>>> print(open('data39.csv').read())   # CSV, C-alpha atoms
chain,number,residue,atom,x,y,z
A,1,MET,CA,16.1,17.1,-10.4
A,2,ASN,CA,18.6,16.4,-7.7
A,3,GLU,CA,18.5,13.2,-5.7
A,4,ALA,CA,17.0,14.7,-2.6
A,5,ASN,CA,14.2,16.3,-4.6
A,6,LEU,CA,13.6,13.1,-6.5
A,7,ILE,CA,13.2,11.1,-3.3
A,8,LEU,CA,10.9,13.6,-1.7
A,9,THR,CA,8.8,14.0,-4.8
A,10,ALA,CA,8.5,10.2,-5.2
A,11,LEU,CA,7.5,9.7,-1.6
A,12,ALA,CA,5.0,12.6,-1.7
A,13,LEU,CA,3.4,11.1,-4.8
A,14,LEU,CA,3.3,7.6,-3.3
A,15,LEU,CA,1.6,9.0,-0.1
A,16,VAL,CA,-1.0,10.9,-2.3
A,17,LYS,CA,-1.5,7.7,-4.3
A,18,HIS,CA,-2.0,5.8,-1.1
A,19,ALA,CA,-4.7,8.2,0.1
A,20,LEU,CA,-6.5,8.0,-3.2
A,21,ALA,CA,-6.3,4.2,-3.4
A,22,ASP,CA,-7.0,3.4,0.3
A,23,PHE,CA,-9.6,5.9,1.0
A,24,LEU,CA,-11.2,7.7,-2.0
A,25,LEU,CA,-11.1,4.9,-4.6
A,26,GLN,CA,-11.7,1.8,-2.4
A,27,THR,CA,-15.1,0.4,-2.8
A,28,ALA,CA,-17.5,-1.0,-0.2
A,29,TYR,CA,-17.1,-4.4,-1.8
A,30,GLN,CA,-13.3,-4.2,-1.5
A,31,ARG,CA,-13.5,-3.1,2.2
A,32,ALA,CA,-15.9,-5.9,3.0
A,33,THR,CA,-13.9,-8.7,1.4
A,34,LYS,CA,-10.3,-7.8,2.1
A,35,GLY,CA,-10.3,-10.2,5.0
A,36,ILE,CA,-11.3,-13.2,2.9
A,37,TYR,CA,-8.1,-14.6,1.5
A,38,GLY,CA,-8.2,-14.7,-2.3
A,39,ALA,CA,-11.4,-12.7,-2.6
A,40,LEU,CA,-11.7,-10.4,-5.6
A,41,GLY,CA,-12.1,-7.3,-3.5
A,42,GLY,CA,-8.7,-7.5,-1.8
A,43,LEU,CA,-7.1,-8.4,-5.1
A,44,THR,CA,-8.6,-5.5,-7.0
A,45,HIS,CA,-7.8,-3.1,-4.2
A,46,SER,CA,-4.1,-4.1,-4.3
A,47,ALA,CA,-4.2,-3.9,-8.1
A,48,THR,CA,-5.4,-0.3,-7.8
A,49,HIS,CA,-2.4,0.5,-5.7
A,50,ILE,CA,0.2,-0.9,-8.2
A,51,LEU,CA,-1.5,0.8,-11.1
A,52,LEU,CA,-1.1,4.1,-9.4
A,53,THR,CA,2.4,3.4,-8.3
A,54,ALA,CA,3.7,2.6,-11.8
A,55,PRO,CA,3.7,6.2,-13.0
A,56,VAL,CA,5.7,7.3,-10.0
A,57,LEU,CA,8.4,4.8,-10.9
A,58,LEU,CA,8.7,6.6,-14.3
A,59,LEU,CA,10.5,9.3,-12.4
A,60,PHE,CA,13.4,6.9,-12.2
A,61,PRO,CA,14.7,6.5,-15.7
A,62,ALA,CA,17.1,3.7,-14.7
A,63,VAL,CA,14.2,1.5,-13.6
A,64,THR,CA,13.9,-1.1,-16.4
A,65,PRO,CA,10.5,-2.7,-17.2
A,66,SER,CA,11.5,-5.9,-15.5
A,67,ARG,CA,12.6,-4.1,-12.3
A,68,MET,CA,9.4,-2.1,-12.4
A,69,ALA,CA,7.4,-5.3,-12.7
A,70,ALA,CA,9.3,-6.8,-9.8
A,71,ILE,CA,8.7,-3.7,-7.6
A,72,LEU,CA,5.0,-3.6,-8.5
A,73,ALA,CA,4.6,-7.4,-7.8
A,74,ALA,CA,6.3,-7.0,-4.4
A,75,GLU,CA,4.0,-4.0,-3.6
A,76,PHE,CA,1.0,-6.0,-4.6
A,77,VAL,CA,1.9,-9.0,-2.4
A,78,ILE,CA,2.9,-6.8,0.6
A,79,HIS,CA,-0.1,-4.5,0.3
A,80,TYR,CA,-2.5,-7.4,0.0
A,81,HIS,CA,-1.2,-9.3,3.0
A,82,LEU,CA,-0.9,-6.2,5.2
A,83,ASP,CA,-4.6,-5.4,4.6
A,84,TRP,CA,-5.6,-9.0,5.0
A,85,LEU,CA,-3.7,-9.3,8.4
A,86,LYS,CA,-5.2,-6.1,9.7
A,87,ASP,CA,-8.7,-7.1,8.7
A,88,GLN,CA,-8.2,-10.6,10.3
A,89,ALA,CA,-7.1,-9.0,13.6
A,90,VAL,CA,-9.9,-6.5,13.7
A,91,LYS,CA,-12.6,-9.1,12.8
A,92,ARG,CA,-11.3,-11.9,15.1
A,93,GLN,CA,-11.1,-9.5,18.0
A,94,GLY,CA,-14.4,-7.8,17.2
A,95,TRP,CA,-12.9,-4.4,17.3
A,96,SER,CA,-14.7,-1.4,15.9
A,97,SER,CA,-13.8,2.3,15.5
A,98,HIS,CA,-15.0,2.7,19.1
A,99,ASP,CA,-12.1,0.5,20.4
A,100,THR,CA,-8.6,1.7,21.0
A,101,PRO,CA,-7.0,-1.4,19.5
A,102,PHE,CA,-8.8,-0.8,16.2
A,103,TRP,CA,-7.0,2.4,15.9
A,104,TRP,CA,-3.7,0.8,16.8
A,105,ALA,CA,-4.2,-1.8,14.1
A,106,LEU,CA,-5.2,0.9,11.5
A,107,GLY,CA,-2.2,3.0,12.5
A,108,LEU,CA,0.3,0.1,12.3
A,109,ASP,CA,-1.2,-0.9,8.9
A,110,GLN,CA,-0.8,2.6,7.6
A,111,LEU,CA,2.8,2.8,9.0
A,112,MET,CA,3.7,-0.4,7.2
A,113,HIS,CA,2.3,0.8,3.9
A,114,GLY,CA,4.3,4.0,4.3
A,115,LEU,CA,7.5,2.1,5.0
A,116,THR,CA,6.7,0.0,1.9
A,117,TYR,CA,7.0,3.2,-0.1
A,118,VAL,CA,10.4,4.0,1.4
A,119,GLY,CA,11.4,0.5,0.2
A,120,ILE,CA,10.0,1.1,-3.2
A,121,VAL,CA,12.0,4.4,-3.6
A,122,ALA,CA,15.1,2.6,-2.3
A,123,LEU,CA,14.7,-0.1,-4.9
A,124,ALA,CA,14.1,2.4,-7.6
A,125,LEU,CA,17.3,4.4,-6.6
A,126,ALA,CA,19.3,1.2,-6.5
A,127,ALA,CA,18.6,0.7,-10.3
A,128,ARG,CA,20.8,3.7,-11.1
A,129,PRO,CA,24.2,2.8,-12.8
>>> encode(input="data39.csv", output="structure tokens")
Amino acid sequence: MNEANLILTALALLLVKHALADFLLQTAYQRATKGIYGALGGLTHSATHILLTAPVLLLFPAVTPSRMAAILAAEFVIHYHLDWLKDQAVKRQGWSSHDTPFWWALGLDQLMHGLTYVGIVALALAARP
């Protein structure tokens, strides 16, 4: 697979993974507790994300187990805190899906997650000799 196809395939898989983990697999408990710092719901939600990212990193043979662990740890921390910050903003302001700022917050949250995937692919590519 040439480099362009590798990048596009990895990004596509990470976006599909994101849709699965953020929308289809996320439980009501996870949604309800992501805004409580350290709560199990947010932690397990972020863990779901990294478990589904790991197979995508296998597309990059030069990614060592230690580099994979570092990338996954970074994704966990970033994902957890993005969700926590968005939830804090929405709850503190009392926004609901009927409010325009709710959709701004959700859109920015999703954009930041997508940009995280660009960073993940860049880090995986940087592992090549």
>>> closest_residue(input="data39.csv", among="A:Leu25, A:Leu72, A:Ala47, A:Val90", to="Trp104 of chain A", atoms="only C-alpha atoms")
A:Val90
>>> residues_around(input="data39.csv", residues="Pro61 of chain A", least_positions_apart="5", cutoff="12 Å", atoms="only C-alpha atoms", output="list in words")
Met1, Leu6, Pro55, Val56, Arg67, Met68, Ala124, Leu125, Ala126, Ala127, Arg128 and Pro129 of chain A
>>> closest_residue(input="data39.csv", among="A:Leu15, A:Lys86, A:Glu3, A:Leu8", to="Leu52 of chain A", atoms="all atoms listed in the file")
A:Leu15
>>> closest_residue(input="data39.csv", among="A:Leu43, A:Val121, A:Ala4, A:Ala19", to="Val63 of chain A", atoms="only C-alpha atoms")
A:Val121
>>> closest_residue(input="data39.csv", among="A:Leu106, A:Ala89, A:Ala69, A:Met112", to="Leu57 of chain A", atoms="all atoms listed in the file")
A:Ala69
>>> atom_distance(input="data39.csv", atom1="atom CA of Asp87 of chain A", atom2="atom CA of Leu51 of chain A")
22.5 Å
>>> decode(input="data39.csv", residues="segment 71-84 of chain A", atoms="all heavy atoms", output="mmCIF file, in the first residue's frame")
data_model
loop_
_atom_site.group_PDB
_atom_site.id
_atom_site.type_symbol
_atom_site.label_atom_id
_atom_site.label_comp_id
_atom_site.auth_asym_id
_atom_site.auth_seq_id
_atom_site.Cartn_x
_atom_site.Cartn_y
_atom_site.Cartn_z
ATOM 1 N N ILE A 71 1.162 6.258 22.055
ATOM 2 C CA ILE A 71 0.111 6.867 21.236
ATOM 3 C C ILE A 71 -1.263 6.616 21.869
ATOM 4 O O ILE A 71 -2.094 7.526 21.975
ATOM 5 C CB ILE A 71 0.162 6.342 19.784
ATOM 6 C CG1 ILE A 71 1.422 6.858 19.075
ATOM 7 C CG2 ILE A 71 -1.097 6.743 19.008
ATOM 8 C CD1 ILE A 71 1.686 6.204 17.720
ATOM 9 N N LEU A 72 -1.498 5.390 22.300
ATOM 10 C CA LEU A 72 -2.791 5.054 22.903
ATOM 11 C C LEU A 72 -2.992 5.793 24.224
ATOM 12 O O LEU A 72 -4.101 6.255 24.517
ATOM 13 C CB LEU A 72 -2.914 3.543 23.090
ATOM 14 C CG LEU A 72 -2.956 2.728 21.789
ATOM 15 C CD1 LEU A 72 -2.929 1.237 22.100
ATOM 16 C CD2 LEU A 72 -4.162 3.094 20.941
ATOM 17 N N ALA A 73 -1.934 5.920 25.010
ATOM 18 C CA ALA A 73 -2.044 6.664 26.267
ATOM 19 C C ALA A 73 -2.373 8.128 25.995
ATOM 20 O O ALA A 73 -3.219 8.725 26.680
ATOM 21 C CB ALA A 73 -0.750 6.541 27.069
ATOM 22 N N ALA A 74 -1.720 8.697 24.987
ATOM 23 C CA ALA A 74 -2.005 10.090 24.632
ATOM 24 C C ALA A 74 -3.444 10.246 24.155
ATOM 25 O O ALA A 74 -4.138 11.197 24.546
ATOM 26 C CB ALA A 74 -1.031 10.562 23.555
ATOM 27 N N GLU A 75 -3.909 9.305 23.329
ATOM 28 C CA GLU A 75 -5.296 9.391 22.871
ATOM 29 C C GLU A 75 -6.256 9.302 24.054
ATOM 30 O O GLU A 75 -7.241 10.043 24.125
ATOM 31 C CB GLU A 75 -5.645 8.298 21.864
ATOM 32 C CG GLU A 75 -7.092 8.438 21.392
ATOM 33 C CD GLU A 75 -7.608 7.321 20.521
ATOM 34 O OE1 GLU A 75 -6.926 6.306 20.349
ATOM 35 O OE2 GLU A 75 -8.732 7.487 20.005
ATOM 36 N N PHE A 76 -5.977 8.395 24.980
ATOM 37 C CA PHE A 76 -6.836 8.233 26.157
ATOM 38 C C PHE A 76 -6.955 9.556 26.917
ATOM 39 O O PHE A 76 -8.055 10.016 27.218
ATOM 40 C CB PHE A 76 -6.274 7.145 27.078
ATOM 41 C CG PHE A 76 -7.123 6.891 28.281
ATOM 42 C CD1 PHE A 76 -8.094 5.900 28.262
ATOM 43 C CD2 PHE A 76 -6.973 7.641 29.443
ATOM 44 C CE1 PHE A 76 -8.899 5.667 29.371
ATOM 45 C CE2 PHE A 76 -7.765 7.411 30.553
ATOM 46 C CZ PHE A 76 -8.729 6.427 30.514
ATOM 47 N N VAL A 77 -5.825 10.165 27.214
ATOM 48 C CA VAL A 77 -5.806 11.414 27.987
ATOM 49 C C VAL A 77 -6.507 12.532 27.231
ATOM 50 O O VAL A 77 -7.323 13.276 27.796
ATOM 51 C CB VAL A 77 -4.356 11.797 28.356
ATOM 52 C CG1 VAL A 77 -4.285 13.204 28.931
ATOM 53 C CG2 VAL A 77 -3.771 10.784 29.332
ATOM 54 N N ILE A 78 -6.202 12.661 25.942
ATOM 55 C CA ILE A 78 -6.809 13.724 25.139
ATOM 56 C C ILE A 78 -8.308 13.510 25.014
ATOM 57 O O ILE A 78 -9.097 14.438 25.224
ATOM 58 C CB ILE A 78 -6.134 13.815 23.756
ATOM 59 C CG1 ILE A 78 -4.698 14.325 23.910
ATOM 60 C CG2 ILE A 78 -6.940 14.714 22.810
ATOM 61 C CD1 ILE A 78 -3.846 14.150 22.669
ATOM 62 N N HIS A 79 -8.721 12.291 24.672
ATOM 63 C CA HIS A 79 -10.149 12.026 24.488
ATOM 64 C C HIS A 79 -10.917 12.289 25.793
ATOM 65 O O HIS A 79 -11.967 12.943 25.791
ATOM 66 C CB HIS A 79 -10.404 10.601 23.997
ATOM 67 C CG HIS A 79 -11.803 10.431 23.513
ATOM 68 N ND1 HIS A 79 -12.142 10.512 22.185
ATOM 69 C CD2 HIS A 79 -12.969 10.239 24.183
ATOM 70 C CE1 HIS A 79 -13.443 10.381 22.065
ATOM 71 N NE2 HIS A 79 -13.973 10.206 23.266
ATOM 72 N N TYR A 80 -10.378 11.763 26.879
ATOM 73 C CA TYR A 80 -11.037 11.927 28.176
ATOM 74 C C TYR A 80 -11.246 13.406 28.494
ATOM 75 O O TYR A 80 -12.341 13.822 28.883
ATOM 76 C CB TYR A 80 -10.206 11.257 29.276
ATOM 77 C CG TYR A 80 -10.853 11.393 30.630
ATOM 78 C CD1 TYR A 80 -11.804 10.476 31.041
ATOM 79 C CD2 TYR A 80 -10.546 12.467 31.468
ATOM 80 C CE1 TYR A 80 -12.437 10.608 32.262
ATOM 81 C CE2 TYR A 80 -11.179 12.606 32.695
ATOM 82 C CZ TYR A 80 -12.113 11.668 33.085
ATOM 83 O OH TYR A 80 -12.746 11.822 34.288
ATOM 84 N N HIS A 81 -10.199 14.198 28.331
ATOM 85 C CA HIS A 81 -10.286 15.610 28.709
ATOM 86 C C HIS A 81 -11.129 16.435 27.739
ATOM 87 O O HIS A 81 -11.815 17.373 28.169
ATOM 88 C CB HIS A 81 -8.888 16.193 28.903
ATOM 89 C CG HIS A 81 -8.261 15.697 30.161
ATOM 90 N ND1 HIS A 81 -7.425 14.610 30.192
ATOM 91 C CD2 HIS A 81 -8.410 16.110 31.449
ATOM 92 C CE1 HIS A 81 -7.063 14.389 31.438
ATOM 93 N NE2 HIS A 81 -7.649 15.267 32.226
ATOM 94 N N LEU A 82 -11.112 16.105 26.459
ATOM 95 C CA LEU A 82 -12.003 16.804 25.525
ATOM 96 C C LEU A 82 -13.465 16.566 25.901
ATOM 97 O O LEU A 82 -14.272 17.507 25.927
ATOM 98 C CB LEU A 82 -11.753 16.339 24.088
ATOM 99 C CG LEU A 82 -10.485 16.822 23.413
ATOM 100 C CD1 LEU A 82 -10.308 16.139 22.067
ATOM 101 C CD2 LEU A 82 -10.491 18.341 23.257
ATOM 102 N N ASP A 83 -13.809 15.316 26.175
ATOM 103 C CA ASP A 83 -15.189 15.002 26.560
ATOM 104 C C ASP A 83 -15.562 15.677 27.873
ATOM 105 O O ASP A 83 -16.666 16.207 28.024
ATOM 106 C CB ASP A 83 -15.382 13.486 26.687
ATOM 107 C CG ASP A 83 -15.531 12.796 25.348
ATOM 108 O OD1 ASP A 83 -15.468 13.465 24.302
ATOM 109 O OD2 ASP A 83 -15.713 11.571 25.345
ATOM 110 N N TRP A 84 -14.647 15.646 28.827
ATOM 111 C CA TRP A 84 -14.921 16.251 30.132
ATOM 112 C C TRP A 84 -15.137 17.758 29.980
ATOM 113 O O TRP A 84 -16.095 18.310 30.542
ATOM 114 C CB TRP A 84 -13.771 15.958 31.106
ATOM 115 C CG TRP A 84 -14.018 16.528 32.461
ATOM 116 C CD1 TRP A 84 -14.788 15.992 33.452
ATOM 117 C CD2 TRP A 84 -13.516 17.764 32.969
ATOM 118 N NE1 TRP A 84 -14.790 16.828 34.547
ATOM 119 C CE2 TRP A 84 -14.014 17.915 34.278
ATOM 120 C CE3 TRP A 84 -12.688 18.754 32.439
ATOM 121 C CZ2 TRP A 84 -13.719 19.025 35.069
ATOM 122 C CZ3 TRP A 84 -12.384 19.863 33.225
ATOM 123 C CH2 TRP A 84 -12.901 19.984 34.518
#
